>>> print(open('work31.cif').read())   # mmCIF, C-alpha atoms and all ligand atoms
data_input
#
loop_
_atom_site.label_atom_id
_atom_site.label_comp_id
_atom_site.auth_asym_id
_atom_site.auth_seq_id
_atom_site.Cartn_x
_atom_site.Cartn_y
_atom_site.Cartn_z
CA MET A 1 78.03 -56.69 56.79
CA LEU A 2 76.65 -59.62 54.79
CA ILE A 3 77.00 -59.44 51.01
CA LEU A 4 74.99 -61.74 48.77
CA HIS A 5 76.24 -62.11 45.22
CA GLY A 6 73.22 -63.31 43.27
CA TYR A 7 70.89 -62.81 40.36
CA TRP A 8 67.19 -62.06 40.50
CA ARG A 9 66.16 -65.14 38.51
CA SER A 10 68.59 -67.57 40.14
CA SER A 11 66.60 -70.07 42.16
CA ALA A 12 69.63 -70.96 44.29
CA ALA A 13 70.06 -67.26 45.20
CA TYR A 14 66.28 -67.03 45.78
CA ARG A 15 66.63 -69.77 48.46
CA VAL A 16 69.22 -67.67 50.31
CA ARG A 17 67.11 -64.49 50.01
CA ILE A 18 64.19 -66.28 51.68
CA VAL A 19 66.43 -67.33 54.58
CA LEU A 20 67.95 -63.85 54.97
CA ASN A 21 64.36 -62.56 55.23
CA LEU A 22 63.25 -65.32 57.63
CA LEU A 23 66.17 -64.43 59.92
CA ASP A 24 65.58 -60.70 59.44
CA LEU A 25 69.18 -60.17 58.34
CA THR A 26 70.06 -56.97 56.50
CA HIS A 27 72.49 -57.50 53.68
CA GLU A 28 73.90 -55.88 50.59
CA HIS A 29 72.97 -57.42 47.28
CA ARG A 30 75.53 -57.52 44.45
CA SER A 31 74.08 -58.49 41.12
CA VAL A 32 75.91 -60.99 38.92
CA HIS A 33 74.08 -60.90 35.59
CA LEU A 34 74.09 -64.48 34.35
CA VAL A 35 73.33 -63.65 30.72
CA LYS A 36 74.68 -60.19 29.84
CA ASN A 37 78.05 -60.16 28.02
CA GLY A 38 78.30 -63.95 28.09
CA GLY A 39 77.58 -64.03 31.82
CA GLU A 40 79.21 -61.97 34.56
CA GLN A 41 79.70 -65.19 36.58
CA HIS A 42 82.67 -65.85 34.26
CA LEU A 43 84.43 -62.51 34.90
CA ASN A 44 87.77 -62.51 36.75
CA ASP A 45 86.44 -60.60 39.77
CA TYR A 46 83.74 -63.19 40.36
CA ASP A 47 86.09 -66.09 39.59
CA ALA A 48 88.24 -64.88 42.48
CA LEU A 49 85.24 -65.28 44.79
CA ASN A 50 83.71 -68.42 43.33
CA PRO A 51 85.72 -70.42 40.75
CA SER A 52 82.61 -72.55 40.07
CA HIS A 53 81.10 -69.53 38.26
CA LEU A 54 77.70 -70.12 39.89
CA VAL A 55 75.59 -67.90 42.13
CA PRO A 56 74.99 -67.42 44.99
CA THR A 57 78.12 -66.54 46.95
CA LEU A 58 77.95 -65.06 50.43
CA GLU A 59 80.59 -62.80 51.95
CA ASP A 60 80.32 -62.51 55.71
CA LYS A 61 82.21 -59.41 56.77
CA THR A 62 80.66 -59.36 60.23
CA ARG A 63 83.47 -61.66 61.39
CA TYR A 64 86.93 -60.65 62.56
CA GLU A 65 88.25 -62.65 59.59
CA PRO A 66 85.81 -62.13 56.67
CA VAL A 67 84.72 -65.36 54.97
CA VAL A 68 83.38 -66.35 51.57
CA ILE A 69 80.87 -69.21 51.38
CA THR A 70 79.60 -70.83 48.19
CA GLN A 71 76.76 -73.35 47.61
CA SER A 72 73.29 -72.15 48.63
CA MET A 73 72.65 -75.07 51.02
CA ALA A 74 75.92 -74.48 52.87
CA ILE A 75 75.18 -70.74 53.03
CA ILE A 76 71.68 -71.39 54.39
CA GLU A 77 72.82 -73.79 57.10
CA TYR A 78 75.61 -71.38 58.06
CA LEU A 79 73.19 -68.44 58.38
CA ASP A 80 70.70 -70.58 60.31
CA GLU A 81 73.39 -71.78 62.73
CA VAL A 82 75.16 -68.45 63.24
CA PHE A 83 72.28 -65.97 63.15
CA GLY A 84 69.24 -68.21 63.77
CA GLU A 85 68.40 -71.19 65.92
CA SER A 86 69.24 -73.98 63.45
CA SER A 87 65.51 -74.47 63.19
CA LEU A 88 65.31 -74.80 59.40
CA VAL A 89 66.78 -78.30 59.38
CA GLY A 90 64.66 -79.78 62.13
CA LYS A 91 65.01 -80.76 65.75
CA SER A 92 65.78 -84.49 65.88
CA PRO A 93 68.13 -86.69 63.81
CA LEU A 94 65.11 -88.27 62.12
CA GLU A 95 63.49 -84.92 61.31
CA ARG A 96 66.82 -83.58 60.00
CA ALA A 97 67.18 -86.65 57.76
CA LEU A 98 63.65 -86.14 56.39
CA ILE A 99 64.14 -82.42 55.80
CA ARG A 100 67.53 -82.83 54.12
CA SER A 101 66.24 -85.74 52.05
CA LEU A 102 63.27 -83.75 50.69
CA ALA A 103 65.39 -80.64 50.16
CA GLN A 104 67.92 -82.71 48.20
CA ASP A 105 65.12 -84.14 46.05
CA ILE A 106 64.84 -80.58 44.77
CA CYS A 107 68.34 -79.12 44.97
CA CYS A 108 70.27 -82.23 43.84
CA ASP A 109 67.83 -84.08 41.60
CA ILE A 110 65.74 -81.37 39.91
CA HIS A 111 67.54 -78.04 40.01
CA PRO A 112 70.94 -78.98 38.47
CA LEU A 113 69.24 -80.39 35.37
CA ASN A 114 67.45 -77.06 34.93
CA ASN A 115 70.58 -74.96 35.24
CA LEU A 116 71.45 -72.34 32.66
CA ARG A 117 74.80 -73.88 31.70
CA VAL A 118 73.15 -77.28 31.16
CA VAL A 119 70.55 -75.95 28.74
CA GLN A 120 73.12 -73.70 27.06
CA HIS A 121 75.23 -76.83 26.47
CA LEU A 122 72.21 -78.65 25.02
CA GLY A 123 71.90 -75.73 22.61
CA ASP A 124 75.58 -76.03 21.67
CA VAL A 125 75.91 -79.81 21.27
CA ALA A 126 72.37 -80.91 20.43
CA SER A 127 70.96 -77.80 18.69
CA PHE A 128 68.21 -77.38 21.28
CA GLU A 129 65.99 -74.38 20.49
CA ALA A 130 64.10 -72.39 23.14
CA GLU A 131 61.05 -74.72 23.04
CA ASP A 132 63.24 -77.87 23.29
CA LYS A 133 64.92 -76.34 26.33
CA ALA A 134 61.53 -75.58 27.94
CA THR A 135 60.41 -79.19 27.27
CA TRP A 136 63.62 -80.45 28.93
CA MET A 137 62.97 -78.22 31.96
CA ARG A 138 59.38 -79.40 32.30
CA HIS A 139 60.42 -83.05 31.91
CA TRP A 140 62.80 -82.98 34.88
CA MET A 141 60.44 -80.93 37.02
CA THR A 142 57.58 -83.34 36.27
CA THR A 143 59.78 -86.32 37.19
CA GLY A 144 60.84 -84.66 40.43
CA PHE A 145 57.49 -83.19 41.44
CA SER A 146 55.63 -86.48 40.85
CA ALA A 147 57.77 -88.18 43.49
CA LEU A 148 57.85 -85.16 45.77
CA GLU A 149 54.05 -84.84 45.76
CA LYS A 150 53.76 -88.41 47.13
CA LYS A 151 56.38 -87.76 49.79
CA LEU A 152 54.88 -84.42 50.84
CA ALA A 153 51.40 -85.93 51.05
CA LYS A 154 52.85 -87.91 53.99
CA SER A 155 55.10 -85.29 55.61
CA ALA A 156 53.22 -82.02 55.15
CA GLY A 157 51.10 -80.04 57.54
CA LYS A 158 50.80 -76.39 56.65
CA PHE A 159 54.30 -76.57 55.16
CA CYS A 160 56.43 -79.32 53.60
CA VAL A 161 57.29 -80.97 56.91
CA GLY A 162 54.66 -80.41 59.56
CA ASN A 163 53.53 -76.92 60.45
CA GLU A 164 56.86 -75.08 60.53
CA VAL A 165 58.76 -73.60 57.61
CA SER A 166 61.85 -75.69 56.85
CA LEU A 167 64.68 -75.97 54.35
CA VAL A 168 62.31 -77.93 52.10
CA ASP A 169 59.94 -74.96 51.67
CA VAL A 170 62.96 -72.73 51.08
CA CYS A 171 64.01 -75.00 48.16
CA LEU A 172 60.51 -75.70 46.86
CA ILE A 173 59.27 -72.15 46.29
CA PRO A 174 62.14 -71.09 43.96
CA GLN A 175 61.76 -74.34 42.01
CA LEU A 176 58.04 -73.58 41.59
CA TYR A 177 58.96 -70.15 40.25
CA ASN A 178 60.85 -72.02 37.51
CA ALA A 179 57.87 -74.31 36.96
CA HIS A 180 55.60 -71.31 36.30
CA ARG A 181 58.24 -69.64 34.16
CA PHE A 182 58.45 -72.70 31.90
CA GLY A 183 54.70 -73.32 31.77
CA LEU A 184 54.36 -76.37 34.01
CA SER A 185 50.90 -76.62 35.57
CA LEU A 186 50.66 -77.64 39.23
CA ASP A 187 47.21 -79.22 38.74
CA ASP A 188 48.63 -82.72 39.32
CA TYR A 189 50.36 -81.63 42.54
CA PRO A 190 47.70 -80.43 45.00
CA THR A 191 49.89 -80.72 48.10
CA ILE A 192 52.71 -78.76 46.46
CA ALA A 193 50.27 -76.11 45.20
CA ALA A 194 48.70 -75.65 48.64
CA ILE A 195 52.13 -75.26 50.28
CA GLU A 196 53.13 -72.69 47.67
CA LYS A 197 50.09 -70.54 48.56
CA ARG A 198 50.87 -70.70 52.29
CA CYS A 199 54.55 -69.85 51.81
CA LEU A 200 53.92 -66.94 49.48
CA ALA A 201 51.50 -65.49 52.05
CA LEU A 202 54.52 -64.99 54.35
CA ASP A 203 56.54 -61.77 53.96
CA ALA A 204 59.89 -63.59 53.99
CA PHE A 205 58.88 -65.53 50.86
CA ALA A 206 56.84 -62.78 49.19
CA ASN A 207 59.67 -60.23 49.45
CA ALA A 208 62.20 -62.68 47.99
CA VAL A 209 60.36 -63.23 44.69
CA PRO A 210 62.55 -62.48 41.66
CA GLU A 211 60.41 -59.65 40.28
CA LYS A 212 60.80 -57.66 43.51
CA GLN A 213 64.62 -57.63 43.37
CA ALA A 214 66.55 -54.49 42.43
CA ASP A 215 68.27 -56.19 39.46
CA ALA A 216 65.03 -57.60 37.98
CA SER A 217 64.66 -56.65 34.34
N1 LIG B 301 74.52 -76.12 43.82
C1 LIG B 301 74.64 -74.71 43.60
C2 LIG B 301 73.92 -74.38 42.31
C3 LIG B 301 74.10 -72.94 41.94
C4 LIG B 301 73.55 -72.69 40.55
O1 LIG B 301 73.30 -73.61 39.77
N2 LIG B 301 73.36 -71.40 40.23
C5 LIG B 301 72.89 -71.05 38.91
C6 LIG B 301 71.70 -70.11 39.02
S1 LIG B 301 70.34 -70.86 39.86
C7 LIG B 301 73.99 -70.35 38.15
O2 LIG B 301 74.74 -69.58 38.71
N3 LIG B 301 74.10 -70.62 36.84
C8 LIG B 301 75.06 -69.98 36.02
C9 LIG B 301 75.38 -70.79 34.81
O3 LIG B 301 74.78 -71.84 34.61
O4 LIG B 301 76.24 -70.35 34.04
C10 LIG B 301 74.00 -73.94 44.77
O5 LIG B 301 73.06 -74.46 45.36
O6 LIG B 301 74.46 -72.85 45.09
#
>>> encode(input="work31.cif", output="structure tokens")
Amino acid sequence: MLILHGYWRSSAAYRVRIVLNLLDLTHEHRSVHLVKNGGEQHLNDYDALNPSHLVPTLEDKTRYEPVVITQSMAIIEYLDEVFGESSLVGKSPLERALIRSLAQDICCDIHPLNNLRVVQHLGDVASFEAEDKATWMRHWMTTGFSALEKKLAKSAGKFCVGNEVSLVDVCLIPQLYNAHRFGLSLDDYPTIAAIEKRCLALDAFANAVPEKQADAS
């Protein structure tokens, strides 16, 4: 049994949901509500699983010795290696470098600046209101997407790198969900917008969207 501890609106958990779907892996979903009661990620039970107080966390109970894995990118590569064909990260050293580089443009350089605890802290120390927080979100997505659009214009075929779905698409689509949520237009990013359409036409991506999850509210 695979158990994914996540939250419907978490883009890092959304990445893992896409991969579970791509690999056709059944799993149990345990909701960790990031906002209710000050955030269930801070409760003792969850702290015992993931002291970073971030989702997602994967429990793999299919093994003789059950394991707990944190960090969405580590979870994804683990699932791809154990249950898939390691195809999401590419076939050659050069392709793997390109795929990891583009994926990190999103998951290291855009996503952390958009995280809940970062904007909550801006509210606490700099009196950011909801609209200031949305402006902050859009700023870092614009910075990241402007560079990514140029890079993808060179690497993309149907998807971010060539014609196969890769880790980059898995990171991009959840980040675009955030872009729409915070009112960022994709008009300046035609390559990104075209890839989004192609990904969301696939069941693995379409069934992972936040609004379709059992804990969506
Ligand atoms: N690098 C981590 C990031 C995880 C992360 O930032 N998760 C967010 C949701 S997308 C979270 O749990 N935030 C809770 C908080 O900020 O309190 C990963 O990829 O798993």
>>> residues_near_ligand(input="work31.cif", ligand="ligand LIG 301 (chain B)", cutoff="10 Å", atoms="only C-alpha atoms and all ligand atoms", output="CSV table (one decimal) with C-alpha atoms, in the coordinates of the input")
chain,number,residue,atom,x,y,z
A,6,GLY,CA,73.2,-63.3,43.3
A,7,TYR,CA,70.9,-62.8,40.4
A,8,TRP,CA,67.2,-62.1,40.5
A,9,ARG,CA,66.2,-65.1,38.5
A,10,SER,CA,68.6,-67.6,40.1
A,11,SER,CA,66.6,-70.1,42.2
A,12,ALA,CA,69.6,-71.0,44.3
A,13,ALA,CA,70.1,-67.3,45.2
A,14,TYR,CA,66.3,-67.0,45.8
A,15,ARG,CA,66.6,-69.8,48.5
A,16,VAL,CA,69.2,-67.7,50.3
A,32,VAL,CA,75.9,-61.0,38.9
A,33,HIS,CA,74.1,-60.9,35.6
A,34,LEU,CA,74.1,-64.5,34.4
A,35,VAL,CA,73.3,-63.6,30.7
A,38,GLY,CA,78.3,-64.0,28.1
A,39,GLY,CA,77.6,-64.0,31.8
A,40,GLU,CA,79.2,-62.0,34.6
A,41,GLN,CA,79.7,-65.2,36.6
A,42,HIS,CA,82.7,-65.8,34.3
A,52,SER,CA,82.6,-72.6,40.1
A,53,HIS,CA,81.1,-69.5,38.3
A,54,LEU,CA,77.7,-70.1,39.9
A,55,VAL,CA,75.6,-67.9,42.1
A,56,PRO,CA,75.0,-67.4,45.0
A,57,THR,CA,78.1,-66.5,47.0
A,69,ILE,CA,80.9,-69.2,51.4
A,70,THR,CA,79.6,-70.8,48.2
A,71,GLN,CA,76.8,-73.4,47.6
A,72,SER,CA,73.3,-72.2,48.6
A,73,MET,CA,72.6,-75.1,51.0
A,74,ALA,CA,75.9,-74.5,52.9
A,75,ILE,CA,75.2,-70.7,53.0
A,76,ILE,CA,71.7,-71.4,54.4
A,107,CYS,CA,68.3,-79.1,45.0
A,108,CYS,CA,70.3,-82.2,43.8
A,111,HIS,CA,67.5,-78.0,40.0
A,112,PRO,CA,70.9,-79.0,38.5
A,113,LEU,CA,69.2,-80.4,35.4
A,114,ASN,CA,67.4,-77.1,34.9
A,115,ASN,CA,70.6,-75.0,35.2
A,116,LEU,CA,71.4,-72.3,32.7
A,117,ARG,CA,74.8,-73.9,31.7
A,118,VAL,CA,73.2,-77.3,31.2
A,119,VAL,CA,70.6,-76.0,28.7
A,120,GLN,CA,73.1,-73.7,27.1
A,121,HIS,CA,75.2,-76.8,26.5
A,171,CYS,CA,64.0,-75.0,48.2
A,174,PRO,CA,62.1,-71.1,44.0
A,175,GLN,CA,61.8,-74.3,42.0
A,178,ASN,CA,60.8,-72.0,37.5
>>> residues_around(input="work31.cif", residues="segment 185-191 of chain A", least_positions_apart="3", cutoff="8 Å", atoms="all atoms listed in the file", output="number ranges by chain")
A: 145-146, 149, 152-153, 156, 179-180, 194-195
>>> axis_aligned_box(input="work31.cif", around="segment 117-125 of chain A", padding_each_side="3 Å", output="JSON")
{"center_x": 73.2, "center_y": -76.8, "center_z": 26.5, "size_x": 11.4, "size_y": 12.1, "size_z": 16.4}
>>> closest_residue(input="work31.cif", among="A:Asn37, A:Asp45, A:Ile99, A:Gln104", to="Gly162 of chain A", atoms="only C-alpha atoms")
A:Ile99
>>> closest_residue(input="work31.cif", among="A:Ile192, A:Leu184, A:Ile173, A:Leu43", to="Thr142 of chain A", atoms="only C-alpha atoms")
A:Leu184
>>> closest_residue(input="work31.cif", among="A:Leu23, A:Ile3, A:Leu98, A:Val170", to="Ser155 of chain A", atoms="all atoms listed in the file")
A:Leu98
>>> residues_around(input="work31.cif", residues="Trp140 of chain A", least_positions_apart="3", cutoff="7 Å", atoms="all atoms listed in the file", output="JSON, numbers by chain")
{"A": [110, 113, 136, 137, 143, 144]}
>>> closest_residue(input="work31.cif", among="A:Asp109, A:Phe182, A:Pro93, A:Ser87", to="Lys133 of chain A", atoms="all atoms listed in the file")
A:Phe182
>>> atom_distance(input="work31.cif", atom1="atom CA of Asn163 of chain A", atom2="atom CA of Lys150 of chain A")
17.6 Å
>>> closest_residue(input="work31.cif", among="A:Thr135, A:Gln213, A:Ser86, A:Thr26", to="Ser166 of chain A", atoms="only C-alpha atoms")
A:Ser86
>>> closest_residue(input="work31.cif", among="A:Ser92, A:Thr62, A:Ser217, A:Asn207", to="Ile18 of chain A", atoms="all atoms listed in the file")
A:Asn207
>>> atom_distance(input="work31.cif", atom1="atom CA of Val89 of chain A", atom2="atom CA of Ala206 of chain A")
21.1 Å
>>> atom_distance(input="work31.cif", atom1="atom CA of Glu59 of chain A", atom2="atom CA of Glu211 of chain A")
23.5 Å
>>> build_atoms(input="work31.cif", residues="segment 34-55 of chain A", atoms="N, CA, C and O atoms", output="mmCIF file, in the frame of the given file")
data_model
loop_
_atom_site.group_PDB
_atom_site.id
_atom_site.type_symbol
_atom_site.label_atom_id
_atom_site.label_comp_id
_atom_site.auth_asym_id
_atom_site.auth_seq_id
_atom_site.Cartn_x
_atom_site.Cartn_y
_atom_site.Cartn_z
ATOM 1 N N LEU A 34 73.673 -63.175 34.871
ATOM 2 C CA LEU A 34 74.090 -64.480 34.350
ATOM 3 C C LEU A 34 74.076 -64.573 32.827
ATOM 4 O O LEU A 34 74.574 -65.553 32.263
ATOM 5 N N VAL A 35 73.476 -63.557 32.176
ATOM 6 C CA VAL A 35 73.330 -63.650 30.720
ATOM 7 C C VAL A 35 74.115 -62.568 29.980
ATOM 8 O O VAL A 35 74.772 -62.851 28.972
ATOM 9 N N LYS A 36 74.068 -61.337 30.536
ATOM 10 C CA LYS A 36 74.680 -60.190 29.840
ATOM 11 C C LYS A 36 76.169 -60.432 29.572
ATOM 12 O O LYS A 36 76.878 -60.969 30.428
ATOM 13 N N ASN A 37 76.627 -60.051 28.403
ATOM 14 C CA ASN A 37 78.050 -60.160 28.020
ATOM 15 C C ASN A 37 78.616 -61.576 28.244
ATOM 16 O O ASN A 37 79.732 -61.727 28.731
ATOM 17 N N GLY A 38 77.824 -62.575 27.932
ATOM 18 C CA GLY A 38 78.300 -63.950 28.090
ATOM 19 C C GLY A 38 78.259 -64.451 29.528
ATOM 20 O O GLY A 38 78.668 -65.572 29.826
ATOM 21 N N GLY A 39 77.741 -63.601 30.425
ATOM 22 C CA GLY A 39 77.580 -64.030 31.820
ATOM 23 C C GLY A 39 78.660 -63.465 32.726
ATOM 24 O O GLY A 39 79.849 -63.787 32.568
ATOM 25 N N GLU A 40 78.226 -62.597 33.657
ATOM 26 C CA GLU A 40 79.210 -61.970 34.560
ATOM 27 C C GLU A 40 79.789 -62.961 35.573
ATOM 28 O O GLU A 40 80.782 -62.667 36.230
ATOM 29 N N GLN A 41 79.161 -64.159 35.675
ATOM 30 C CA GLN A 41 79.700 -65.190 36.580
ATOM 31 C C GLN A 41 81.068 -65.681 36.110
ATOM 32 O O GLN A 41 81.795 -66.316 36.863
ATOM 33 N N HIS A 42 81.382 -65.388 34.821
ATOM 34 C CA HIS A 42 82.670 -65.850 34.260
ATOM 35 C C HIS A 42 83.765 -64.781 34.338
ATOM 36 O O HIS A 42 84.897 -65.035 33.915
ATOM 37 N N LEU A 43 83.426 -63.585 34.845
ATOM 38 C CA LEU A 43 84.430 -62.510 34.900
ATOM 39 C C LEU A 43 85.473 -62.799 35.981
ATOM 40 O O LEU A 43 85.189 -63.495 36.971
ATOM 41 N N ASN A 44 86.660 -62.224 35.819
ATOM 42 C CA ASN A 44 87.770 -62.510 36.750
ATOM 43 C C ASN A 44 87.435 -62.171 38.194
ATOM 44 O O ASN A 44 87.795 -62.904 39.109
ATOM 45 N N ASP A 45 86.760 -61.022 38.389
ATOM 46 C CA ASP A 45 86.440 -60.600 39.770
ATOM 47 C C ASP A 45 85.592 -61.650 40.470
ATOM 48 O O ASP A 45 85.797 -61.951 41.644
ATOM 49 N N TYR A 46 84.612 -62.190 39.736
ATOM 50 C CA TYR A 46 83.740 -63.190 40.360
ATOM 51 C C TYR A 46 84.460 -64.531 40.490
ATOM 52 O O TYR A 46 84.293 -65.239 41.493
ATOM 53 N N ASP A 47 85.299 -64.853 39.520
ATOM 54 C CA ASP A 47 86.090 -66.090 39.590
ATOM 55 C C ASP A 47 86.938 -66.117 40.867
ATOM 56 O O ASP A 47 87.120 -67.177 41.490
ATOM 57 N N ALA A 48 87.413 -64.944 41.263
ATOM 58 C CA ALA A 48 88.240 -64.880 42.480
ATOM 59 C C ALA A 48 87.411 -65.235 43.718
ATOM 60 O O ALA A 48 87.939 -65.781 44.690
ATOM 61 N N LEU A 49 86.124 -64.950 43.666
ATOM 62 C CA LEU A 49 85.240 -65.280 44.790
ATOM 63 C C LEU A 49 84.743 -66.715 44.713
ATOM 64 O O LEU A 49 84.655 -67.422 45.717
ATOM 65 N N ASN A 50 84.322 -67.108 43.506
ATOM 66 C CA ASN A 50 83.710 -68.420 43.330
ATOM 67 C C ASN A 50 84.146 -69.024 41.986
ATOM 68 O O ASN A 50 83.525 -68.767 40.951
ATOM 69 N N PRO A 51 85.200 -69.841 41.998
ATOM 70 C CA PRO A 51 85.720 -70.420 40.750
ATOM 71 C C PRO A 51 84.722 -71.355 40.060
ATOM 72 O O PRO A 51 84.943 -71.740 38.911
ATOM 73 N N SER A 52 83.627 -71.714 40.726
ATOM 74 C CA SER A 52 82.610 -72.550 40.070
ATOM 75 C C SER A 52 81.764 -71.745 39.085
ATOM 76 O O SER A 52 80.990 -72.320 38.302
ATOM 77 N N HIS A 53 81.861 -70.411 39.155
ATOM 78 C CA HIS A 53 81.100 -69.530 38.260
ATOM 79 C C HIS A 53 79.588 -69.750 38.394
ATOM 80 O O HIS A 53 78.864 -69.770 37.385
ATOM 81 N N LEU A 54 79.135 -69.971 39.614
ATOM 82 C CA LEU A 54 77.700 -70.120 39.890
ATOM 83 C C LEU A 54 77.330 -69.156 41.005
ATOM 84 O O LEU A 54 78.157 -68.861 41.874
ATOM 85 N N VAL A 55 76.091 -68.672 40.995
ATOM 86 C CA VAL A 55 75.590 -67.900 42.130
ATOM 87 C C VAL A 55 74.645 -68.798 42.925
ATOM 88 O O VAL A 55 74.053 -69.720 42.360
#
